[in-house]
Amino acid sequence: MYPTSRPRRLRRNPALRRLVSETSVEPRHLVLPMFVREGLSEPAPIASMPGVVQHTRESLKKAAVDAVEAGVGGLMLFGVPAEHDASGSGATDPEGILNVALRDLSAELGDDTVLMADLCLDEFTDHGHCGVLDEDGNVDNDRTLQVYGEMAVVQAESGAHVVSPSGMMDGQVGVIRDSLDATGHADTSILAYSAKYASAFYGPFREAVDSQLQGDRKTYQQDPGNGREALREADLDLAEGADMVMVKPAMAYLDVLRDIAGVADVPVATYQVSGEYSMIEAAVANGWLERQRTVLEALTAMRRAGADTVLTYYAAEAARWLQEARA
Ligand code: PBG
């Protein structure tokens with residue numbers, strides 16, 4: 001006659017719903033990815049990512065301070081150099097844009113904010129690959145590792161608290177750890193992009209960093225159908241000394257995130273990538289989705305799946321919404 005179970009009892013008003021809510025998103029959980037471009041005099045909008053810009057050195061500082069005031073957990077910096085070359089030399093040059101911008105932010109924000117740096121060559125190479133190429137045009141894993149090792153040291157010396165290898169080269173975490181330790185940077189952490197898929201959802205990012213890439217990254221990034229392999233990648237990174245691991249993209253890979261969060265004994269991050277951002281913005285612009293609700297639901301789902309930290313282009317804005325909701 002009557003249902004024996006009535007889950008609706010705990011949903012009947014906001015106070016009960018708040019009491020039994022399992023998952024929260026707080027400003028400190030969110031990390032803001034930011035782009036800074038060399039030689040720019042005004043911030044340059046990224047057409048495929050409405051609301052996101054390539055910053056000048058000055059506008060970067062201001063936006064970083066705003067994000068910190070909103071309470072974000074950290075900033076992840078990407079550099080866009082004026083010139084690209086075969087070896088991506090701007091990445092290891094202390095005067096390269098990413099390293100200069102790290103010093104700017106470090107001076108502006110000090111140790112109160114977690115400064116992270118993307119550690120990859122694709123923004124700096126004229127062929128757009130994440131590593132250097134051999135004579136046959138293939139990405140040379142082990143020569144790339146040497147460059148990553150140097151890049152890590154320059155980033156640490158420029159003020160990065162966390163370096164974040166995103167190139168999916170075999171052995172990258174171990175080499176980076178060794179070169180940091182050998183140069184007096186034992187305290188610099190490594191956030192490893194452990195499970196990074198060869199994803200169509202990075203489309204708008206290519207515009208954001210003026211990518212030169214022809215072809216794809218399938219010889220180093222993972223096949224979207226492979227879940228077990230993600231656990232293996234995470235195991236290797238943990239064994240090599242990763243302080244945190246990441247799954248990327250986020251929304252289409254929540255199962256992978258869940259699996260890795262279930263076994264990793266370090267904090268786990270996920271990255272709501274450019275295409276995830278642009279899809280929401282496009283649907284909102286058409287009046288098809290409610291912006292704030294959609295964004296917070298997506299971020300909540302990532303937290304529910306096991307993310308301690310979410311990298312998202314919404315970080316500063318969402319942090320402000322969350323602060324207002326609390327006030
Ligand atoms: C590589 C890198 C990429 C992204 C972050 N780091 C691009 C790629 O692997 O093709 C994508 C981020 C996004 O799409 O928002 N340096």
# chains A, B, ... in the order shown; residues from 1 in each chain; ligands from 1

$ residues_around --residues "Ala195 (chain A)" --least-positions-apart "6" --cutoff "8 Å" --atoms "only C-alpha atoms" --output "CSV table (one decimal) with N, CA and C atoms, in the first residue's frame"
chain,number,residue,atom,x,y,z
A,222,GLN,N,46.6,9.4,-24.6
A,222,GLN,CA,45.9,8.1,-24.6
A,222,GLN,C,44.7,8.0,-25.5
A,230,ALA,N,44.9,4.0,-18.0
A,230,ALA,CA,45.0,5.2,-17.1
A,230,ALA,C,45.5,4.9,-15.7
A,231,LEU,N,45.1,3.7,-15.2
A,231,LEU,CA,45.5,3.3,-13.9
A,231,LEU,C,47.0,3.0,-14.0
A,233,GLU,N,49.2,4.3,-16.0
A,233,GLU,CA,49.9,5.6,-16.1
A,233,GLU,C,50.0,6.3,-14.8
A,234,ALA,N,48.9,6.2,-14.0
A,234,ALA,CA,48.9,6.9,-12.7
A,234,ALA,C,49.9,6.1,-11.8
A,246,MET,N,46.5,13.9,-12.2
A,246,MET,CA,45.4,14.6,-12.8
A,246,MET,C,44.8,13.7,-14.0
A,247,VAL,N,43.5,13.9,-14.1
A,247,VAL,CA,42.8,13.2,-15.2
A,247,VAL,C,42.3,14.3,-16.1
A,248,LYS,N,42.4,14.2,-17.4
A,248,LYS,CA,42.1,15.2,-18.4
A,248,LYS,C,41.7,14.7,-19.7

$ select_by_dssp --residues "region 75-157 of chain A" --states "helix (DSSP H, G or I)" --output "ChimeraX atom specification"
/A:89-91,97-112,141-157

$ residues_near_ligand --ligand "ligand 1" --cutoff "9 Å" --atoms "only C-alpha atoms and all ligand atoms" --output "PyMOL selection string"
chain A and resi 33+78+118-123+128-130+164-168+193+196-206+208-209+211+213+216-217+221+248-249+271-277+311-313

$ atom_distance --atom1 "CA of Thr125 (chain A)" --atom2 "CA of Gln54 (chain A)"
18.1 Å

$ residues_around --residues "Arg326 (chain A)" --least-positions-apart "4" --cutoff "12 Å" --atoms "only C-alpha atoms" --output "PyMOL selection string"
chain A and resi 25-27+319-322

$ closest_residue --among "A:Glu240, A:Glu22, A:Glu317, A:Glu207" --to "Asp178 (chain A)" --atoms "only C-alpha atoms"
A:Glu240

$ residues_around --residues "region 34-48 of chain A" --least-positions-apart "6" --cutoff "7 Å" --atoms "only C-alpha atoms" --output "list in words"
Gln54, His55, Thr56, Arg57, Ser59, Leu60, Met76, Leu77, Phe78, Gly79, Val80, Pro81, Ala82, Ile97, Pro204, Glu207, Ala208 and Ser278 of chain A

$ write_last_selection --atoms "N, CA and C atoms" --output "CSV table (one decimal), in the first residue's frame"
chain,number,residue,atom,x,y,z
A,54,GLN,N,44.0,36.0,-23.9
A,54,GLN,CA,45.5,35.9,-23.7
A,54,GLN,C,45.9,37.2,-23.0
A,55,HIS,N,46.6,37.1,-21.9
A,55,HIS,CA,46.9,38.3,-21.1
A,55,HIS,C,48.2,38.9,-21.6
A,56,THR,N,48.3,40.2,-21.3
A,56,THR,CA,49.6,40.9,-21.3
A,56,THR,C,50.2,40.6,-20.0
A,57,ARG,N,51.5,40.9,-19.8
A,57,ARG,CA,52.1,40.7,-18.5
A,57,ARG,C,51.3,41.5,-17.4
A,59,SER,N,48.1,42.7,-17.5
A,59,SER,CA,46.7,42.2,-17.3
A,59,SER,C,46.7,40.9,-16.6
A,60,LEU,N,47.7,40.1,-16.8
A,60,LEU,CA,47.8,38.8,-16.0
A,60,LEU,C,47.9,39.1,-14.5
A,76,MET,N,47.2,28.2,-12.7
A,76,MET,CA,48.0,27.4,-13.6
A,76,MET,C,48.4,28.2,-14.9
A,77,LEU,N,49.7,28.5,-15.1
A,77,LEU,CA,50.1,29.4,-16.1
A,77,LEU,C,50.6,28.7,-17.4
A,78,PHE,N,50.1,29.3,-18.5
A,78,PHE,CA,50.5,28.8,-19.9
A,78,PHE,C,51.1,30.0,-20.6
A,79,GLY,N,52.3,29.8,-21.2
A,79,GLY,CA,52.9,30.9,-21.9
A,79,GLY,C,52.8,30.8,-23.5
A,80,VAL,N,52.6,31.9,-24.1
A,80,VAL,CA,52.5,31.9,-25.6
A,80,VAL,C,53.6,32.8,-26.1
A,81,PRO,N,54.7,32.2,-26.6
A,81,PRO,CA,55.8,33.0,-27.1
A,81,PRO,C,55.6,33.7,-28.4
A,82,ALA,N,56.4,34.8,-28.6
A,82,ALA,CA,56.3,35.5,-29.9
A,82,ALA,C,56.8,34.7,-31.0
A,97,ILE,N,58.6,33.8,-22.1
A,97,ILE,CA,57.4,34.5,-21.5
A,97,ILE,C,56.8,33.8,-20.3
A,204,PRO,N,39.5,24.3,-28.7
A,204,PRO,CA,39.7,25.8,-28.5
A,204,PRO,C,41.0,26.2,-27.9
A,207,GLU,N,43.7,27.4,-30.2
A,207,GLU,CA,43.6,28.9,-30.6
A,207,GLU,C,44.2,29.7,-29.4
A,208,ALA,N,43.9,29.2,-28.2
A,208,ALA,CA,44.4,30.0,-27.0
A,208,ALA,C,45.9,30.1,-27.0
A,278,SER,N,33.8,25.8,-23.7
A,278,SER,CA,33.2,26.4,-24.9
A,278,SER,C,31.8,25.8,-25.2

$ residues_around --residues "region 182-190 of chain A" --least-positions-apart "3" --cutoff "6 Å" --atoms "only C-alpha atoms" --output "list in words"
His161, Val162, Val163, Ser164, Asp178, Ser179, Ala242 and Asp243 of chain A

$ write_last_selection --atoms "N, CA and C atoms" --output "compact mmCIF listing (two decimals), in the first residue's frame"
# COMPACT_ATOMS: atom_id res chain seq x y z
N HIS A 161 55.52 26.94 -7.65
CA HIS A 161 55.49 26.01 -6.51
C HIS A 161 55.23 24.59 -6.99
N VAL A 162 54.51 24.52 -8.11
CA VAL A 162 54.09 23.22 -8.67
C VAL A 162 54.41 23.24 -10.15
N VAL A 163 55.12 22.24 -10.65
CA VAL A 163 55.29 22.11 -12.10
C VAL A 163 54.39 20.98 -12.58
N SER A 164 53.89 21.17 -13.79
CA SER A 164 52.82 20.28 -14.21
C SER A 164 53.07 19.71 -15.60
N ASP A 178 64.19 14.16 -10.44
CA ASP A 178 65.66 14.11 -10.29
C ASP A 178 66.28 15.47 -10.55
N SER A 179 65.84 16.13 -11.62
CA SER A 179 66.54 17.39 -11.92
C SER A 179 66.16 18.48 -10.92
N ALA A 242 55.25 11.52 -8.31
CA ALA A 242 54.23 12.56 -8.48
C ALA A 242 53.61 12.90 -7.13
N ASP A 243 53.45 14.20 -6.87
CA ASP A 243 52.82 14.64 -5.61
C ASP A 243 51.31 14.71 -5.74

$ closest_residue --among "A:Val72, A:Val114, A:Ala264, A:Met49" --to "Arg28 (chain A)" --atoms "only C-alpha atoms"
A:Val72

$ select_by_dssp --residues "region 230-309 of chain A" --states "strand (DSSP E)" --output "PyMOL selection string"
chain A and resi 244-248+268-272+309

$ write_last_selection --atoms "C-alpha atoms" --output "CSV table (one decimal), in the first residue's frame"
chain,number,residue,atom,x,y,z
A,244,MET,CA,49.4,14.9,-7.3
A,245,VAL,CA,47.9,13.2,-10.3
A,246,MET,CA,45.4,14.6,-12.8
A,247,VAL,CA,42.8,13.2,-15.2
A,248,LYS,CA,42.1,15.2,-18.4
A,268,VAL,CA,43.7,13.9,-7.4
A,269,ALA,CA,42.9,16.7,-9.9
A,270,THR,CA,40.9,16.9,-13.0
A,271,TYR,CA,40.9,19.5,-15.8
A,272,GLN,CA,37.7,20.9,-17.3
A,309,THR,CA,41.1,19.9,-7.2

$ atom_distance --atom1 "CA of Val266 (chain A)" --atom2 "CA of Thr300 (chain A)"
20.1 Å

$ residues_around --residues "region 147-150 of chain A" --least-positions-apart "5" --cutoff "10 Å" --atoms "only C-alpha atoms" --output "JSON, numbers by chain"
{"A": [87, 88, 89, 91, 92, 93, 119, 120, 121, 131, 132, 142, 155, 165, 167, 169, 172, 173, 174, 175, 176, 177, 178, 179, 180]}

$ closest_residue --among "A:Leu133, A:Pro50, A:Glu324, A:Leu32" --to "Met279 (chain A)" --atoms "only C-alpha atoms"
A:Pro50

$ decode --residues "region 135-174 of chain A" --atoms "N, CA and C atoms" --output "tab-separated table (two decimals), in the first residue's frame"
chain	number	residue	atom	x	y	z
A	135	GLU	N	64.97	12.59	-36.49
A	135	GLU	CA	65.18	12.86	-37.93
A	135	GLU	C	63.96	12.44	-38.76
A	136	ASP	N	63.22	11.45	-38.27
A	136	ASP	CA	62.05	10.98	-39.03
A	136	ASP	C	60.78	11.76	-38.71
A	137	GLY	N	60.91	12.77	-37.85
A	137	GLY	CA	59.72	13.56	-37.52
A	137	GLY	C	58.87	12.96	-36.42
A	138	ASN	N	59.41	11.94	-35.73
A	138	ASN	CA	58.66	11.38	-34.59
A	138	ASN	C	59.08	12.09	-33.30
A	139	VAL	N	58.16	12.14	-32.34
A	139	VAL	CA	58.50	12.77	-31.07
A	139	VAL	C	59.50	11.87	-30.33
A	140	ASP	N	60.66	12.44	-30.03
A	140	ASP	CA	61.76	11.70	-29.42
A	140	ASP	C	61.61	11.77	-27.90
A	141	ASN	N	61.14	10.66	-27.33
A	141	ASN	CA	60.81	10.63	-25.90
A	141	ASN	C	61.99	11.08	-25.02
A	142	ASP	N	63.14	10.43	-25.20
A	142	ASP	CA	64.20	10.61	-24.22
A	142	ASP	C	64.93	11.94	-24.37
A	143	ARG	N	65.01	12.43	-25.60
A	143	ARG	CA	65.59	13.78	-25.75
A	143	ARG	C	64.63	14.83	-25.18
A	144	THR	N	63.35	14.55	-25.30
A	144	THR	CA	62.37	15.48	-24.74
A	144	THR	C	62.49	15.51	-23.21
A	145	LEU	N	62.76	14.36	-22.61
A	145	LEU	CA	62.90	14.32	-21.15
A	145	LEU	C	63.98	15.26	-20.66
A	146	GLN	N	65.10	15.30	-21.40
A	146	GLN	CA	66.18	16.21	-20.97
A	146	GLN	C	65.69	17.66	-20.95
A	147	VAL	N	64.92	18.01	-21.99
A	147	VAL	CA	64.42	19.39	-22.05
A	147	VAL	C	63.42	19.64	-20.90
A	148	TYR	N	62.57	18.66	-20.62
A	148	TYR	CA	61.61	18.82	-19.51
A	148	TYR	C	62.35	19.03	-18.19
A	149	GLY	N	63.44	18.29	-18.01
A	149	GLY	CA	64.22	18.44	-16.78
A	149	GLY	C	64.73	19.86	-16.62
A	150	GLU	N	65.25	20.42	-17.72
A	150	GLU	CA	65.73	21.81	-17.67
A	150	GLU	C	64.59	22.79	-17.44
A	151	MET	N	63.49	22.49	-18.11
A	151	MET	CA	62.33	23.40	-18.01
A	151	MET	C	61.84	23.46	-16.57
A	152	ALA	N	61.82	22.32	-15.91
A	152	ALA	CA	61.35	22.27	-14.52
A	152	ALA	C	62.21	23.16	-13.62
A	153	VAL	N	63.51	23.08	-13.83
A	153	VAL	CA	64.41	23.86	-12.98
A	153	VAL	C	64.19	25.37	-13.20
A	154	VAL	N	64.07	25.77	-14.47
A	154	VAL	CA	63.85	27.20	-14.75
A	154	VAL	C	62.51	27.64	-14.15
A	155	GLN	N	61.50	26.81	-14.26
A	155	GLN	CA	60.19	27.18	-13.70
A	155	GLN	C	60.26	27.31	-12.18
A	156	ALA	N	60.94	26.36	-11.55
A	156	ALA	CA	61.07	26.43	-10.09
A	156	ALA	C	61.83	27.69	-9.70
A	157	GLU	N	62.89	27.99	-10.44
A	157	GLU	CA	63.68	29.18	-10.13
A	157	GLU	C	62.91	30.46	-10.40
A	158	SER	N	61.91	30.38	-11.27
A	158	SER	CA	61.10	31.56	-11.58
A	158	SER	C	59.93	31.71	-10.61
A	159	GLY	N	59.75	30.75	-9.71
A	159	GLY	CA	58.72	30.92	-8.67
A	159	GLY	C	57.58	29.94	-8.70
A	160	ALA	N	57.61	28.95	-9.61
A	160	ALA	CA	56.53	27.95	-9.61
A	160	ALA	C	56.63	27.09	-8.35
A	161	HIS	N	55.52	26.94	-7.65
A	161	HIS	CA	55.49	26.01	-6.51
A	161	HIS	C	55.23	24.59	-6.99
A	162	VAL	N	54.51	24.52	-8.11
A	162	VAL	CA	54.09	23.22	-8.67
A	162	VAL	C	54.41	23.24	-10.15
A	163	VAL	N	55.12	22.24	-10.65
A	163	VAL	CA	55.29	22.11	-12.10
A	163	VAL	C	54.39	20.98	-12.58
A	164	SER	N	53.89	21.17	-13.79
A	164	SER	CA	52.82	20.28	-14.21
A	164	SER	C	53.07	19.71	-15.60
A	165	PRO	N	53.79	18.59	-15.65
A	165	PRO	CA	54.11	17.98	-16.94
A	165	PRO	C	52.87	17.46	-17.64
A	166	SER	N	52.61	17.97	-18.85
A	166	SER	CA	51.39	17.59	-19.57
A	166	SER	C	51.70	16.94	-20.91
A	167	GLY	N	52.97	16.54	-21.11
A	167	GLY	CA	53.35	16.04	-22.43
A	167	GLY	C	53.20	14.54	-22.63
A	168	MET	N	52.89	13.81	-21.56
A	168	MET	CA	52.70	12.35	-21.66
A	168	MET	C	53.91	11.62	-22.22
A	169	MET	N	55.13	12.11	-21.94
A	169	MET	CA	56.33	11.34	-22.29
A	169	MET	C	56.57	10.30	-21.21
A	170	ASP	N	57.03	9.12	-21.61
A	170	ASP	CA	57.34	8.08	-20.63
A	170	ASP	C	58.50	8.54	-19.75
A	171	GLY	N	58.36	8.39	-18.47
A	171	GLY	CA	59.45	8.70	-17.55
A	171	GLY	C	59.57	10.16	-17.17
A	172	GLN	N	58.60	10.99	-17.60
A	172	GLN	CA	58.77	12.44	-17.40
A	172	GLN	C	58.79	12.83	-15.92
A	173	VAL	N	57.97	12.18	-15.12
A	173	VAL	CA	57.91	12.59	-13.71
A	173	VAL	C	59.24	12.28	-13.01
A	174	GLY	N	59.79	11.10	-13.28
A	174	GLY	CA	61.05	10.72	-12.64
A	174	GLY	C	62.20	11.65	-13.01
